[in-house]
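Scroll down for the structure; my scribbles are underneath it.
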Amino acid sequence: MIYVDVNQIMKKYNIPNKYVLTMLIAKRARALSEDASKRLFGGDKDKPINTAIEEIKEGKIVFVAKTKNNQTI
């Protein structure tokens, strides 16, 4: 089990709330479980959820907010 400081990640990468962070982790973990070759680091032995959290924590996956008009913020 890994420990993650959620507030630190949210502040560092400008993620508005923990629910958005959760959705970001879930989306990345789902992509990793479908195709393990998409991993940005680490081996295939880690679970997709752990790898997704580590990638986000290290800044390898970036959150980009979009408005209703598909403009990035």
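Letters A, B, ... go to the chains of the structure tokens in the order shown; residues in each chain start at 1; ligands are counted from 1 in the same order.
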
Residue contacts of stretch 33-35 of chain A (10 Å, only C-alpha atoms) excluding same-chain residues fewer than 4 positions away, as a PDB file with N, CA and C atoms, in the first residue's frame:
```
ATOM      1  N   ARG A  28      -6.596   6.868 -15.763  1.00  0.00           N
ATOM      2  CA  ARG A  28      -5.247   6.405 -16.109  1.00  0.00           C
ATOM      3  C   ARG A  28      -5.073   4.933 -15.775  1.00  0.00           C
ATOM      4  N   ALA A  29      -5.592   4.484 -14.633  1.00  0.00           N
ATOM      5  CA  ALA A  29      -5.490   3.078 -14.248  1.00  0.00           C
ATOM      6  C   ALA A  29      -6.236   2.189 -15.238  1.00  0.00           C
ATOM      7  N   ARG A  39       2.712   2.199 -19.944  1.00  0.00           N
ATOM      8  CA  ARG A  39       3.342   2.641 -18.692  1.00  0.00           C
ATOM      9  C   ARG A  39       4.494   3.589 -18.982  1.00  0.00           C
ATOM     10  N   LYS A  47       0.455  -2.932  -9.728  1.00  0.00           N
ATOM     11  CA  LYS A  47      -0.943  -2.859 -10.112  1.00  0.00           C
ATOM     12  C   LYS A  47      -1.185  -1.555 -10.861  1.00  0.00           C
ATOM     13  N   PRO A  48      -2.129  -1.535 -11.785  1.00  0.00           N
ATOM     14  CA  PRO A  48      -2.393  -0.319 -12.561  1.00  0.00           C
ATOM     15  C   PRO A  48      -2.732   0.895 -11.697  1.00  0.00           C
ATOM     16  N   ILE A  49      -3.431   0.699 -10.610  1.00  0.00           N
ATOM     17  CA  ILE A  49      -3.808   1.829  -9.753  1.00  0.00           C
ATOM     18  C   ILE A  49      -2.570   2.437  -9.097  1.00  0.00           C
TER      19      ILE A  49
END
```

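Among A:Ile15, A:Ala26, A:Ile9, A:Ala31, the residue with the shortest atom-to-atom distance to A:Glu58, counting only C-alpha atoms, is A:Ile9.
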
For this session: Determine, counting only C-alpha atoms, which protein, DNA and RNA residues have an atom within 12 Å of an atom of A:Lys12; residues of the same chain fewer than 5 positions away are not included. Present the result as a ChimeraX atom specification.
Result: /A:5-7,56-59,62-63

Selection file, N, CA, C and O atoms, as a PDB file, in the first residue's frame:
```pdb
ATOM      1  N   ASP A   5      -0.031  12.019  -0.345  1.00  0.00           N
ATOM      2  CA  ASP A   5      -0.541  13.250   0.237  1.00  0.00           C
ATOM      3  C   ASP A   5      -1.397  13.948  -0.827  1.00  0.00           C
ATOM      4  O   ASP A   5      -0.883  14.631  -1.712  1.00  0.00           O
ATOM      5  N   VAL A   6      -2.684  13.741  -0.749  1.00  0.00           N
ATOM      6  CA  VAL A   6      -3.626  14.230  -1.749  1.00  0.00           C
ATOM      7  C   VAL A   6      -3.588  15.750  -1.861  1.00  0.00           C
ATOM      8  O   VAL A   6      -3.563  16.297  -2.967  1.00  0.00           O
ATOM      9  N   ASN A   7      -3.557  16.435  -0.740  1.00  0.00           N
ATOM     10  CA  ASN A   7      -3.552  17.900  -0.770  1.00  0.00           C
ATOM     11  C   ASN A   7      -2.309  18.445  -1.460  1.00  0.00           C
ATOM     12  O   ASN A   7      -2.386  19.431  -2.194  1.00  0.00           O
ATOM     13  N   ILE A  56       1.027  10.244 -11.688  1.00  0.00           N
ATOM     14  CA  ILE A  56       0.426  11.552 -11.402  1.00  0.00           C
ATOM     15  C   ILE A  56       1.253  12.283 -10.349  1.00  0.00           C
ATOM     16  O   ILE A  56       1.504  13.485 -10.469  1.00  0.00           O
ATOM     17  N   LYS A  57       1.698  11.557  -9.332  1.00  0.00           N
ATOM     18  CA  LYS A  57       2.486  12.159  -8.257  1.00  0.00           C
ATOM     19  C   LYS A  57       3.802  12.724  -8.785  1.00  0.00           C
ATOM     20  O   LYS A  57       4.268  13.758  -8.323  1.00  0.00           O
ATOM     21  N   GLU A  58       4.397  12.075  -9.772  1.00  0.00           N
ATOM     22  CA  GLU A  58       5.662  12.535 -10.333  1.00  0.00           C
ATOM     23  C   GLU A  58       5.487  13.544 -11.459  1.00  0.00           C
ATOM     24  O   GLU A  58       6.463  14.010 -12.029  1.00  0.00           O
ATOM     25  N   GLY A  59       4.244  13.856 -11.813  1.00  0.00           N
ATOM     26  CA  GLY A  59       3.994  14.867 -12.830  1.00  0.00           C
ATOM     27  C   GLY A  59       4.074  14.369 -14.261  1.00  0.00           C
ATOM     28  O   GLY A  59       4.133  15.167 -15.194  1.00  0.00           O
ATOM     29  N   VAL A  62      -0.659  14.904 -16.741  1.00  0.00           N
ATOM     30  CA  VAL A  62      -1.031  16.287 -16.460  1.00  0.00           C
ATOM     31  C   VAL A  62      -2.540  16.458 -16.557  1.00  0.00           C
ATOM     32  O   VAL A  62      -3.178  15.911 -17.453  1.00  0.00           O
ATOM     33  N   PHE A  63      -3.091  17.236 -15.619  1.00  0.00           N
ATOM     34  CA  PHE A  63      -4.506  17.563 -15.622  1.00  0.00           C
ATOM     35  C   PHE A  63      -4.712  18.853 -16.408  1.00  0.00           C
ATOM     36  O   PHE A  63      -4.068  19.858 -16.135  1.00  0.00           O
TER      37      PHE A  63
END
```

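Take the candidates A:Val20, A:Leu32, A:Ala65, A:Val4 and check each one against A:Ile53 using only C-alpha atoms; the shortest distance goes to A:Val4.
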
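The nearest approach to A:Val64 among the residues A:Ile2, A:Asn50, A:Gln8, A:Pro16, with only C-alpha atoms taken into account, belongs to A:Pro16.
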